[in-house]
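S.K.: Sharing upload.txt, compact mmCIF, N, CA and C atoms:
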```
# COMPACT_ATOMS: atom_id res chain seq x y z
N MET A 9 -1.31 -16.80 -23.59
CA MET A 9 -2.62 -16.20 -23.64
C MET A 9 -2.59 -14.96 -22.75
N THR A 10 -3.27 -13.92 -23.17
CA THR A 10 -3.28 -12.66 -22.44
C THR A 10 -4.70 -12.12 -22.34
N HIS A 11 -5.03 -11.61 -21.16
CA HIS A 11 -6.26 -10.85 -20.99
C HIS A 11 -6.06 -9.91 -19.82
N TYR A 12 -6.88 -8.87 -19.75
CA TYR A 12 -6.65 -7.88 -18.71
C TYR A 12 -7.93 -7.41 -18.00
N THR A 13 -9.07 -8.02 -18.28
CA THR A 13 -10.30 -7.66 -17.57
C THR A 13 -11.08 -8.90 -17.17
N ARG A 14 -11.89 -8.75 -16.14
CA ARG A 14 -12.73 -9.85 -15.66
C ARG A 14 -13.70 -10.35 -16.72
N SER A 15 -14.10 -9.49 -17.62
CA SER A 15 -15.11 -9.87 -18.62
C SER A 15 -14.65 -11.05 -19.49
N GLY A 16 -13.38 -11.27 -19.59
CA GLY A 16 -12.87 -12.38 -20.40
C GLY A 16 -12.50 -13.62 -19.62
N TYR A 17 -12.72 -13.62 -18.32
CA TYR A 17 -12.26 -14.74 -17.48
C TYR A 17 -12.91 -16.07 -17.83
N ALA A 18 -14.19 -16.07 -18.17
CA ALA A 18 -14.85 -17.34 -18.51
C ALA A 18 -14.19 -17.96 -19.74
N GLU A 19 -13.88 -17.13 -20.74
CA GLU A 19 -13.22 -17.63 -21.95
C GLU A 19 -11.79 -18.07 -21.64
N VAL A 20 -11.09 -17.33 -20.80
CA VAL A 20 -9.74 -17.71 -20.40
C VAL A 20 -9.78 -19.07 -19.71
N GLU A 21 -10.74 -19.25 -18.82
CA GLU A 21 -10.87 -20.52 -18.11
C GLU A 21 -11.16 -21.67 -19.10
N ARG A 22 -12.04 -21.41 -20.06
CA ARG A 22 -12.37 -22.43 -21.05
C ARG A 22 -11.13 -22.85 -21.83
N VAL A 23 -10.34 -21.86 -22.26
CA VAL A 23 -9.12 -22.16 -23.02
C VAL A 23 -8.12 -22.92 -22.16
N LEU A 24 -7.94 -22.50 -20.90
CA LEU A 24 -7.01 -23.21 -20.02
C LEU A 24 -7.43 -24.67 -19.84
N ASN A 25 -8.73 -24.93 -19.84
CA ASN A 25 -9.23 -26.30 -19.66
C ASN A 25 -9.19 -27.14 -20.92
N THR A 26 -9.05 -26.52 -22.09
CA THR A 26 -9.16 -27.28 -23.33
C THR A 26 -7.94 -27.21 -24.23
N THR A 27 -7.00 -26.32 -23.95
CA THR A 27 -5.88 -26.09 -24.84
C THR A 27 -4.57 -26.03 -24.05
N PRO A 28 -3.52 -26.69 -24.52
CA PRO A 28 -2.23 -26.54 -23.84
C PRO A 28 -1.74 -25.08 -23.95
N VAL A 29 -1.42 -24.50 -22.84
CA VAL A 29 -0.99 -23.10 -22.78
C VAL A 29 0.31 -23.04 -21.98
N ASP A 30 1.29 -22.32 -22.49
CA ASP A 30 2.56 -22.17 -21.77
C ASP A 30 2.48 -21.11 -20.68
N PHE A 31 1.83 -19.99 -21.02
CA PHE A 31 1.75 -18.92 -20.02
C PHE A 31 0.43 -18.18 -20.15
N LEU A 32 0.05 -17.58 -19.05
CA LEU A 32 -1.14 -16.74 -18.98
C LEU A 32 -0.70 -15.39 -18.44
N GLN A 33 -1.05 -14.34 -19.15
CA GLN A 33 -0.84 -12.98 -18.63
C GLN A 33 -2.21 -12.46 -18.26
N ILE A 34 -2.38 -12.12 -16.99
CA ILE A 34 -3.71 -11.75 -16.49
C ILE A 34 -3.57 -10.65 -15.44
N ASN A 35 -4.61 -9.85 -15.29
CA ASN A 35 -4.58 -8.81 -14.27
C ASN A 35 -4.82 -9.43 -12.89
N TYR A 36 -4.03 -8.98 -11.94
CA TYR A 36 -4.17 -9.41 -10.55
C TYR A 36 -3.49 -8.37 -9.68
N SER A 37 -4.19 -7.94 -8.65
CA SER A 37 -3.63 -6.97 -7.71
C SER A 37 -4.35 -7.12 -6.38
N VAL A 38 -3.89 -6.39 -5.40
CA VAL A 38 -4.52 -6.44 -4.08
C VAL A 38 -5.96 -5.96 -4.15
N GLU A 39 -6.31 -5.16 -5.14
CA GLU A 39 -7.70 -4.70 -5.26
C GLU A 39 -8.46 -5.39 -6.40
N GLU A 40 -7.77 -6.09 -7.27
CA GLU A 40 -8.40 -6.85 -8.36
C GLU A 40 -8.03 -8.32 -8.18
N ARG A 41 -8.75 -9.01 -7.29
CA ARG A 41 -8.37 -10.36 -6.89
C ARG A 41 -9.26 -11.45 -7.50
N GLU A 42 -10.11 -11.09 -8.43
CA GLU A 42 -11.02 -12.07 -9.03
C GLU A 42 -10.28 -13.28 -9.61
N ALA A 43 -9.11 -13.07 -10.17
CA ALA A 43 -8.34 -14.17 -10.79
C ALA A 43 -7.94 -15.24 -9.78
N GLU A 44 -7.83 -14.88 -8.50
CA GLU A 44 -7.38 -15.87 -7.53
C GLU A 44 -8.45 -16.90 -7.20
N LYS A 45 -9.68 -16.64 -7.60
CA LYS A 45 -10.76 -17.59 -7.30
C LYS A 45 -10.65 -18.85 -8.15
N ARG A 46 -10.46 -18.70 -9.45
CA ARG A 46 -10.45 -19.86 -10.34
C ARG A 46 -9.25 -19.91 -11.27
N LEU A 47 -8.88 -18.77 -11.84
CA LEU A 47 -7.84 -18.78 -12.86
C LEU A 47 -6.45 -19.11 -12.31
N LEU A 48 -6.07 -18.49 -11.21
CA LEU A 48 -4.74 -18.75 -10.67
C LEU A 48 -4.60 -20.20 -10.20
N PRO A 49 -5.58 -20.75 -9.47
CA PRO A 49 -5.46 -22.17 -9.10
C PRO A 49 -5.45 -23.10 -10.32
N LEU A 50 -6.25 -22.79 -11.33
CA LEU A 50 -6.29 -23.61 -12.54
C LEU A 50 -4.94 -23.56 -13.27
N ALA A 51 -4.37 -22.38 -13.40
CA ALA A 51 -3.06 -22.25 -14.05
C ALA A 51 -2.01 -23.03 -13.27
N GLU A 52 -2.05 -22.92 -11.96
CA GLU A 52 -1.09 -23.65 -11.14
C GLU A 52 -1.25 -25.16 -11.33
N ASP A 53 -2.48 -25.64 -11.31
CA ASP A 53 -2.74 -27.07 -11.50
C ASP A 53 -2.25 -27.57 -12.85
N LYS A 54 -2.34 -26.73 -13.87
CA LYS A 54 -1.96 -27.13 -15.22
C LYS A 54 -0.49 -26.83 -15.54
N GLY A 55 0.24 -26.25 -14.60
CA GLY A 55 1.65 -25.93 -14.84
C GLY A 55 1.86 -24.77 -15.78
N VAL A 56 0.90 -23.85 -15.81
CA VAL A 56 0.96 -22.69 -16.69
C VAL A 56 1.62 -21.53 -15.93
N ALA A 57 2.66 -20.96 -16.52
CA ALA A 57 3.30 -19.79 -15.92
C ALA A 57 2.32 -18.61 -15.96
N VAL A 58 2.33 -17.78 -14.91
CA VAL A 58 1.41 -16.65 -14.84
C VAL A 58 2.20 -15.36 -14.71
N LEU A 59 2.00 -14.49 -15.71
CA LEU A 59 2.55 -13.14 -15.67
C LEU A 59 1.43 -12.22 -15.21
N CYS A 60 1.68 -11.46 -14.20
CA CYS A 60 0.67 -10.56 -13.67
C CYS A 60 0.82 -9.19 -14.30
N ASN A 61 -0.20 -8.79 -15.08
CA ASN A 61 -0.23 -7.41 -15.55
C ASN A 61 -1.12 -6.61 -14.61
N ARG A 62 -0.99 -5.33 -14.63
CA ARG A 62 -1.78 -4.43 -13.78
C ARG A 62 -1.64 -4.74 -12.28
N PRO A 63 -0.42 -4.97 -11.77
CA PRO A 63 -0.28 -5.29 -10.35
C PRO A 63 -0.64 -4.12 -9.42
N PHE A 64 -0.82 -2.94 -10.00
CA PHE A 64 -1.27 -1.79 -9.23
C PHE A 64 -2.71 -1.44 -9.59
N GLY A 65 -3.45 -2.38 -10.17
CA GLY A 65 -4.80 -2.08 -10.64
C GLY A 65 -4.66 -1.10 -11.80
N GLY A 66 -5.56 -0.16 -11.85
CA GLY A 66 -5.51 0.84 -12.91
C GLY A 66 -4.65 2.04 -12.57
N GLY A 67 -3.93 1.99 -11.48
CA GLY A 67 -3.11 3.13 -11.05
C GLY A 67 -3.75 3.91 -9.91
N ASP A 68 -5.06 3.76 -9.76
CA ASP A 68 -5.74 4.47 -8.67
C ASP A 68 -5.30 3.97 -7.30
N LEU A 69 -4.94 2.71 -7.22
CA LEU A 69 -4.53 2.13 -5.96
C LEU A 69 -3.40 2.93 -5.31
N LEU A 70 -2.33 3.16 -6.04
CA LEU A 70 -1.19 3.88 -5.46
C LEU A 70 -1.52 5.33 -5.18
N ARG A 71 -2.37 5.93 -6.00
CA ARG A 71 -2.78 7.33 -5.73
C ARG A 71 -3.57 7.40 -4.42
N ARG A 72 -4.45 6.45 -4.20
CA ARG A 72 -5.25 6.44 -2.96
C ARG A 72 -4.39 6.18 -1.74
N LEU A 73 -3.44 5.28 -1.87
CA LEU A 73 -2.62 4.90 -0.71
C LEU A 73 -1.53 5.90 -0.39
N LYS A 74 -1.19 6.74 -1.34
CA LYS A 74 -0.08 7.69 -1.19
C LYS A 74 -0.17 8.50 0.10
N ALA A 75 -1.36 8.93 0.47
CA ALA A 75 -1.53 9.77 1.65
C ALA A 75 -1.53 8.98 2.96
N LYS A 76 -1.63 7.67 2.88
CA LYS A 76 -1.66 6.84 4.08
C LYS A 76 -0.26 6.43 4.49
N PRO A 77 -0.03 6.33 5.79
CA PRO A 77 1.28 5.81 6.23
C PRO A 77 1.36 4.31 5.95
N LEU A 78 2.57 3.84 5.71
CA LEU A 78 2.77 2.41 5.53
C LEU A 78 2.42 1.68 6.82
N PRO A 79 1.96 0.45 6.74
CA PRO A 79 1.71 -0.32 7.96
C PRO A 79 2.99 -0.48 8.77
N ASP A 80 2.85 -0.63 10.07
CA ASP A 80 4.02 -0.79 10.94
C ASP A 80 4.88 -1.98 10.52
N TRP A 81 4.27 -3.01 10.00
CA TRP A 81 5.00 -4.23 9.65
C TRP A 81 5.72 -4.14 8.30
N ALA A 82 5.57 -3.05 7.55
CA ALA A 82 6.21 -2.94 6.24
C ALA A 82 7.72 -3.13 6.34
N ALA A 83 8.34 -2.55 7.36
CA ALA A 83 9.80 -2.69 7.51
C ALA A 83 10.19 -4.14 7.77
N GLU A 84 9.32 -4.91 8.40
CA GLU A 84 9.62 -6.32 8.68
C GLU A 84 9.80 -7.13 7.40
N VAL A 85 9.12 -6.72 6.33
CA VAL A 85 9.23 -7.44 5.06
C VAL A 85 10.15 -6.72 4.08
N GLY A 86 10.79 -5.65 4.54
CA GLY A 86 11.75 -4.92 3.71
C GLY A 86 11.11 -3.95 2.73
N ALA A 87 9.89 -3.52 3.00
CA ALA A 87 9.19 -2.61 2.08
C ALA A 87 9.27 -1.18 2.59
N THR A 88 9.55 -0.27 1.66
CA THR A 88 9.62 1.15 2.02
C THR A 88 8.63 1.99 1.22
N SER A 89 7.74 1.32 0.46
CA SER A 89 6.74 2.06 -0.31
C SER A 89 5.50 1.20 -0.50
N TRP A 90 4.40 1.86 -0.84
CA TRP A 90 3.16 1.14 -1.14
C TRP A 90 3.33 0.29 -2.40
N ALA A 91 4.07 0.78 -3.36
CA ALA A 91 4.29 0.00 -4.59
C ALA A 91 4.98 -1.32 -4.25
N GLN A 92 5.97 -1.28 -3.38
CA GLN A 92 6.66 -2.50 -2.99
C GLN A 92 5.71 -3.46 -2.28
N LEU A 93 4.86 -2.95 -1.41
CA LEU A 93 3.89 -3.81 -0.73
C LEU A 93 2.91 -4.43 -1.72
N ALA A 94 2.43 -3.63 -2.66
CA ALA A 94 1.49 -4.14 -3.66
C ALA A 94 2.14 -5.23 -4.51
N LEU A 95 3.40 -5.04 -4.88
CA LEU A 95 4.11 -6.05 -5.65
C LEU A 95 4.40 -7.29 -4.81
N LYS A 96 4.75 -7.11 -3.55
CA LYS A 96 4.97 -8.26 -2.67
C LYS A 96 3.69 -9.08 -2.52
N PHE A 97 2.54 -8.39 -2.49
CA PHE A 97 1.27 -9.09 -2.42
C PHE A 97 1.10 -9.98 -3.65
N VAL A 98 1.29 -9.42 -4.81
CA VAL A 98 1.12 -10.16 -6.07
C VAL A 98 2.13 -11.30 -6.16
N LEU A 99 3.39 -11.00 -5.93
CA LEU A 99 4.45 -11.99 -6.07
C LEU A 99 4.36 -13.09 -5.00
N GLY A 100 3.64 -12.81 -3.93
CA GLY A 100 3.48 -13.79 -2.86
C GLY A 100 2.46 -14.88 -3.16
N HIS A 101 1.71 -14.73 -4.23
CA HIS A 101 0.75 -15.78 -4.60
C HIS A 101 1.52 -16.90 -5.29
N ARG A 102 1.28 -18.13 -4.88
CA ARG A 102 2.03 -19.29 -5.40
C ARG A 102 1.96 -19.44 -6.91
N ALA A 103 0.87 -19.02 -7.52
CA ALA A 103 0.70 -19.23 -8.96
C ALA A 103 1.42 -18.17 -9.81
N ILE A 104 1.80 -17.06 -9.21
CA ILE A 104 2.39 -15.96 -9.98
C ILE A 104 3.87 -16.24 -10.25
N THR A 105 4.23 -16.18 -11.53
CA THR A 105 5.62 -16.37 -11.94
C THR A 105 6.37 -15.05 -11.91
N CYS A 106 5.73 -13.98 -12.41
CA CYS A 106 6.35 -12.66 -12.37
C CYS A 106 5.27 -11.60 -12.51
N ALA A 107 5.60 -10.39 -12.10
CA ALA A 107 4.71 -9.24 -12.24
C ALA A 107 5.34 -8.26 -13.20
N ILE A 108 4.50 -7.60 -13.98
CA ILE A 108 5.01 -6.63 -14.95
C ILE A 108 4.33 -5.28 -14.75
N PRO A 109 4.80 -4.52 -13.74
CA PRO A 109 4.22 -3.20 -13.52
C PRO A 109 4.64 -2.25 -14.64
N GLY A 110 3.73 -1.47 -15.09
CA GLY A 110 4.05 -0.51 -16.15
C GLY A 110 4.40 0.85 -15.58
N THR A 111 5.53 1.37 -15.97
CA THR A 111 5.91 2.72 -15.58
C THR A 111 6.97 3.22 -16.56
N GLY A 112 6.97 4.51 -16.75
CA GLY A 112 8.01 5.13 -17.56
C GLY A 112 8.93 5.97 -16.70
N ASN A 113 8.69 5.94 -15.40
CA ASN A 113 9.43 6.76 -14.45
C ASN A 113 10.61 5.95 -13.90
N PRO A 114 11.86 6.36 -14.17
CA PRO A 114 13.01 5.60 -13.68
C PRO A 114 13.03 5.42 -12.16
N ALA A 115 12.61 6.42 -11.41
CA ALA A 115 12.59 6.29 -9.95
C ALA A 115 11.59 5.21 -9.52
N SER A 116 10.44 5.14 -10.21
CA SER A 116 9.46 4.10 -9.90
C SER A 116 10.00 2.73 -10.26
N MET A 117 10.73 2.64 -11.36
CA MET A 117 11.32 1.36 -11.76
C MET A 117 12.26 0.85 -10.68
N ILE A 118 13.10 1.73 -10.17
CA ILE A 118 14.04 1.35 -9.11
C ILE A 118 13.29 0.94 -7.86
N ASP A 119 12.27 1.71 -7.49
CA ASP A 119 11.47 1.39 -6.31
C ASP A 119 10.80 0.02 -6.48
N ASN A 120 10.24 -0.24 -7.65
CA ASN A 120 9.56 -1.51 -7.90
C ASN A 120 10.49 -2.70 -7.73
N THR A 121 11.73 -2.57 -8.19
CA THR A 121 12.67 -3.70 -8.09
C THR A 121 12.96 -4.08 -6.64
N LYS A 122 12.82 -3.14 -5.73
CA LYS A 122 13.10 -3.42 -4.32
C LYS A 122 12.06 -4.35 -3.70
N ALA A 123 10.94 -4.56 -4.37
CA ALA A 123 9.93 -5.50 -3.87
C ALA A 123 10.46 -6.93 -3.88
N ALA A 124 11.50 -7.18 -4.67
CA ALA A 124 12.06 -8.52 -4.77
C ALA A 124 12.97 -8.86 -3.59
N SER A 125 13.28 -7.88 -2.75
CA SER A 125 14.14 -8.17 -1.59
C SER A 125 13.28 -8.19 -0.33
N GLY A 126 13.88 -8.69 0.73
CA GLY A 126 13.12 -8.83 1.97
C GLY A 126 12.28 -10.10 1.93
N SER A 127 11.36 -10.21 2.85
CA SER A 127 10.55 -11.42 2.93
C SER A 127 9.18 -11.23 2.29
N VAL A 128 8.51 -12.34 2.07
CA VAL A 128 7.15 -12.30 1.52
C VAL A 128 6.17 -11.94 2.64
N LEU A 129 4.99 -11.52 2.24
CA LEU A 129 3.97 -11.19 3.21
C LEU A 129 3.40 -12.45 3.85
N THR A 130 3.14 -12.37 5.13
CA THR A 130 2.47 -13.48 5.82
C THR A 130 0.99 -13.44 5.45
N PRO A 131 0.26 -14.52 5.69
CA PRO A 131 -1.19 -14.48 5.44
C PRO A 131 -1.88 -13.34 6.20
N LYS A 132 -1.45 -13.08 7.42
CA LYS A 132 -2.03 -11.98 8.20
C LYS A 132 -1.74 -10.63 7.55
N GLN A 133 -0.52 -10.43 7.07
CA GLN A 133 -0.16 -9.18 6.40
C GLN A 133 -0.92 -9.02 5.09
N ARG A 134 -1.09 -10.11 4.35
CA ARG A 134 -1.88 -10.06 3.11
C ARG A 134 -3.31 -9.62 3.41
N ALA A 135 -3.90 -10.20 4.46
CA ALA A 135 -5.27 -9.86 4.83
C ALA A 135 -5.37 -8.41 5.26
N GLU A 136 -4.40 -7.93 6.01
CA GLU A 136 -4.40 -6.54 6.45
C GLU A 136 -4.26 -5.58 5.26
N LEU A 137 -3.44 -5.94 4.30
CA LEU A 137 -3.28 -5.11 3.11
C LEU A 137 -4.58 -5.05 2.32
N ILE A 138 -5.26 -6.18 2.20
CA ILE A 138 -6.55 -6.21 1.51
C ILE A 138 -7.53 -5.27 2.21
N GLU A 139 -7.56 -5.31 3.52
CA GLU A 139 -8.46 -4.42 4.28
C GLU A 139 -8.11 -2.95 4.10
N THR A 140 -6.83 -2.66 3.93
CA THR A 140 -6.38 -1.27 3.78
C THR A 140 -6.88 -0.64 2.48
N VAL A 141 -6.91 -1.45 1.43
CA VAL A 141 -7.33 -0.90 0.14
C VAL A 141 -8.83 -0.92 0.03
```
As structure tokens - that is how I would like this structure written.

M.R.:
Amino acid sequence: MTHYTRSGYAEVERVLNTTPVDFLQINYSVEEREAEKRLLPLAEDKGVAVLCNRPFGGGDLLRRLKAKPLPDWAAEVGATSWAQLALKFVLGHRAITCAIPGTGNPASMIDNTKAASGSVLTPKQRAELIETV
């Protein structure tokens, strides 16, 4: 099952509660966290794999953060870019199976893959990242 906006969450929740589903593809990012309230816990409880689409929101997130310096703790988790931190945030949620950031830029693709190395964000780092955006 796939959806990409909050407007469909009630229907997604209804289907998850009434129909066997193998995977859910849903939007989730540090700035679009509505799915973590009900959908991500429900998917986890039901053993549904979750693919995260739009891990950078609509793209505005990275444009806004571009001018800001990375947090001091970014190096502690092996992150060298805002994109890596945003992906580490998404991938750090227990219910998320994988993230599928969209880009046609080879340099961005390489940068995105680096989010898989280093450590996950601590709860404190997750909270600080939320405050930053």

S.K.: With only C-alpha atoms counted and 6 Å as the cut-off, give the residues of segment 19-85 of chain A in contact with segment 93-113 of chain A, each with its shortest interatomic distance in Å and the pair that gives it, as a tab-separated table.

M.R.:
```
residue	atom	partner	partner_atom	distance
A:Ser37	CA	A:Val98	CA	6.0
A:Leu48	CA	A:Ala103	CA	5.7
A:Glu52	CA	A:Ala103	CA	5.2
A:Ala57	CA	A:Thr105	CA	5.7
A:Val58	CA	A:Ile104	CA	5.0
A:Leu59	CA	A:Cys106	CA	5.1
A:Cys60	CA	A:Ala107	CA	4.5
A:Asn61	CA	A:Ile108	CA	5.3
A:Pro63	CA	A:Pro109	CA	5.9
```

S.K.: So that I can see what lies close to segment 34-36 of chain A, please list as a list in words the residues with an atom at most 9 Å from it, counting only C-alpha atoms and leaving out residues fewer than 3 positions away in the same chain.

M.R.: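 Residues near the query, excluding close chain neighbours: Met9, Thr10, His11, Tyr12, Thr13, Arg14, Glu39, Glu40, Arg41, Glu42, Ala43, Glu44, Leu47, Val58, Leu59, Cys60, Asn61, Arg62, Pro63, Phe64, Gly65 and Val98 of chain A.
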
S.K.: Could you state the separation of atom N of Pro79 of chain A and atom CA of Lys45 of chain A in Å, given to one decimal place?

M.R.: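 Taking atom N of Pro79 of chain A and atom CA of Lys45 of chain A, their separation equals 26.2 Å.
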
S.K.: When you count only C-alpha atoms, which of these residues is closest to Asp30 of chain A: A:Lys122, A:Arg46, A:Lys76, A:Lys54?

M.R.: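 Using only C-alpha atoms, Asp30 of chain A sits closest to A:Lys54.
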
S.K.: Running DSSP on the backbone, which parts of segment 31-117 of chain A land in alpha helix (DSSP H), as a ChimeraX atom specification?

M.R.: /A:47-54,68-73,90-99,114-117

S.K.: When you draw a straight line from atom CA of Leu69 of chain A to atom CA of Thr140 of chain A, how long is it in Å?

M.R.: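 A separation of 10.5 Å between them.
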
S.K.: If we count all atoms listed in the file, what is near Glu139 of chain A at a cut-off of 8 Å, once residues fewer than 5 positions away on the same chain are taken out, given as a PyMOL selection string?

M.R.: chain A and resi 38+133-134

S.K.: Atom N of Val29 of chain A and atom N of Gly55 of chain A, how far apart in Å?

M.R.: 8.6 Å

S.K.: Using DSSP secondary structure from the backbone, list all strand (DSSP E) positions within chain A, as an MDAnalysis selection string.

M.R.: chainID A and resid 31:35 57:61 63:66 106:108

S.K.: Which residue out of A:Leu50, A:Leu70, A:Ala123, A:Leu32 has the minimum interatomic distance to Ala87 of chain A when only N, CA and C atoms are used?

M.R.: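 When distances to Ala87 of chain A are compared using only N, CA and C atoms, the smallest one comes from A:Ala123.
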
S.K.: Go through A:Leu73, A:Leu137, A:Leu129, A:Leu24 and flag the residue nearest Ala51 of chain A, using all atoms listed in the file for the distances.

M.R.: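 With all atoms listed in the file as the atom set, the closest residue is A:Leu24.
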
S.K.: Please rebuild segment 60-72 of chain A with N, CA, C and O atoms and give the result as a short mmCIF file (atom, residue, chain, number, x, y, z; two decimals), in the coordinates of the input.

M.R.:
```
data_model
loop_
_atom_site.label_atom_id
_atom_site.label_comp_id
_atom_site.auth_asym_id
_atom_site.auth_seq_id
_atom_site.Cartn_x
_atom_site.Cartn_y
_atom_site.Cartn_z
N CYS A 60 1.68 -11.46 -14.20
CA CYS A 60 0.67 -10.56 -13.67
C CYS A 60 0.82 -9.19 -14.30
O CYS A 60 1.83 -8.52 -14.12
N ASN A 61 -0.20 -8.79 -15.08
CA ASN A 61 -0.23 -7.41 -15.55
C ASN A 61 -1.12 -6.61 -14.61
O ASN A 61 -1.88 -7.17 -13.84
N ARG A 62 -0.99 -5.33 -14.63
CA ARG A 62 -1.78 -4.43 -13.78
C ARG A 62 -1.64 -4.74 -12.28
O ARG A 62 -2.63 -4.79 -11.56
N PRO A 63 -0.42 -4.97 -11.77
CA PRO A 63 -0.28 -5.29 -10.35
C PRO A 63 -0.64 -4.12 -9.42
O PRO A 63 -0.77 -4.32 -8.22
N PHE A 64 -0.82 -2.94 -10.00
CA PHE A 64 -1.27 -1.79 -9.23
C PHE A 64 -2.71 -1.44 -9.59
O PHE A 64 -3.17 -0.31 -9.37
N GLY A 65 -3.45 -2.38 -10.17
CA GLY A 65 -4.80 -2.08 -10.64
C GLY A 65 -4.66 -1.10 -11.80
O GLY A 65 -3.77 -1.21 -12.61
N GLY A 66 -5.56 -0.16 -11.85
CA GLY A 66 -5.51 0.84 -12.91
C GLY A 66 -4.65 2.04 -12.57
O GLY A 66 -4.63 3.02 -13.29
N GLY A 67 -3.93 1.99 -11.48
CA GLY A 67 -3.11 3.13 -11.05
C GLY A 67 -3.75 3.91 -9.91
O GLY A 67 -3.06 4.62 -9.19
N ASP A 68 -5.06 3.76 -9.76
CA ASP A 68 -5.74 4.47 -8.67
C ASP A 68 -5.30 3.97 -7.30
O ASP A 68 -5.30 4.72 -6.34
N LEU A 69 -4.94 2.71 -7.22
CA LEU A 69 -4.53 2.13 -5.96
C LEU A 69 -3.40 2.93 -5.31
O LEU A 69 -3.51 3.35 -4.17
N LEU A 70 -2.33 3.16 -6.04
CA LEU A 70 -1.19 3.88 -5.46
C LEU A 70 -1.52 5.33 -5.18
O LEU A 70 -1.03 5.89 -4.19
N ARG A 71 -2.37 5.93 -6.00
CA ARG A 71 -2.78 7.33 -5.73
C ARG A 71 -3.57 7.40 -4.42
O ARG A 71 -3.38 8.33 -3.63
N ARG A 72 -4.45 6.45 -4.20
CA ARG A 72 -5.25 6.44 -2.96
C ARG A 72 -4.39 6.18 -1.74
O ARG A 72 -4.61 6.76 -0.68
#
```
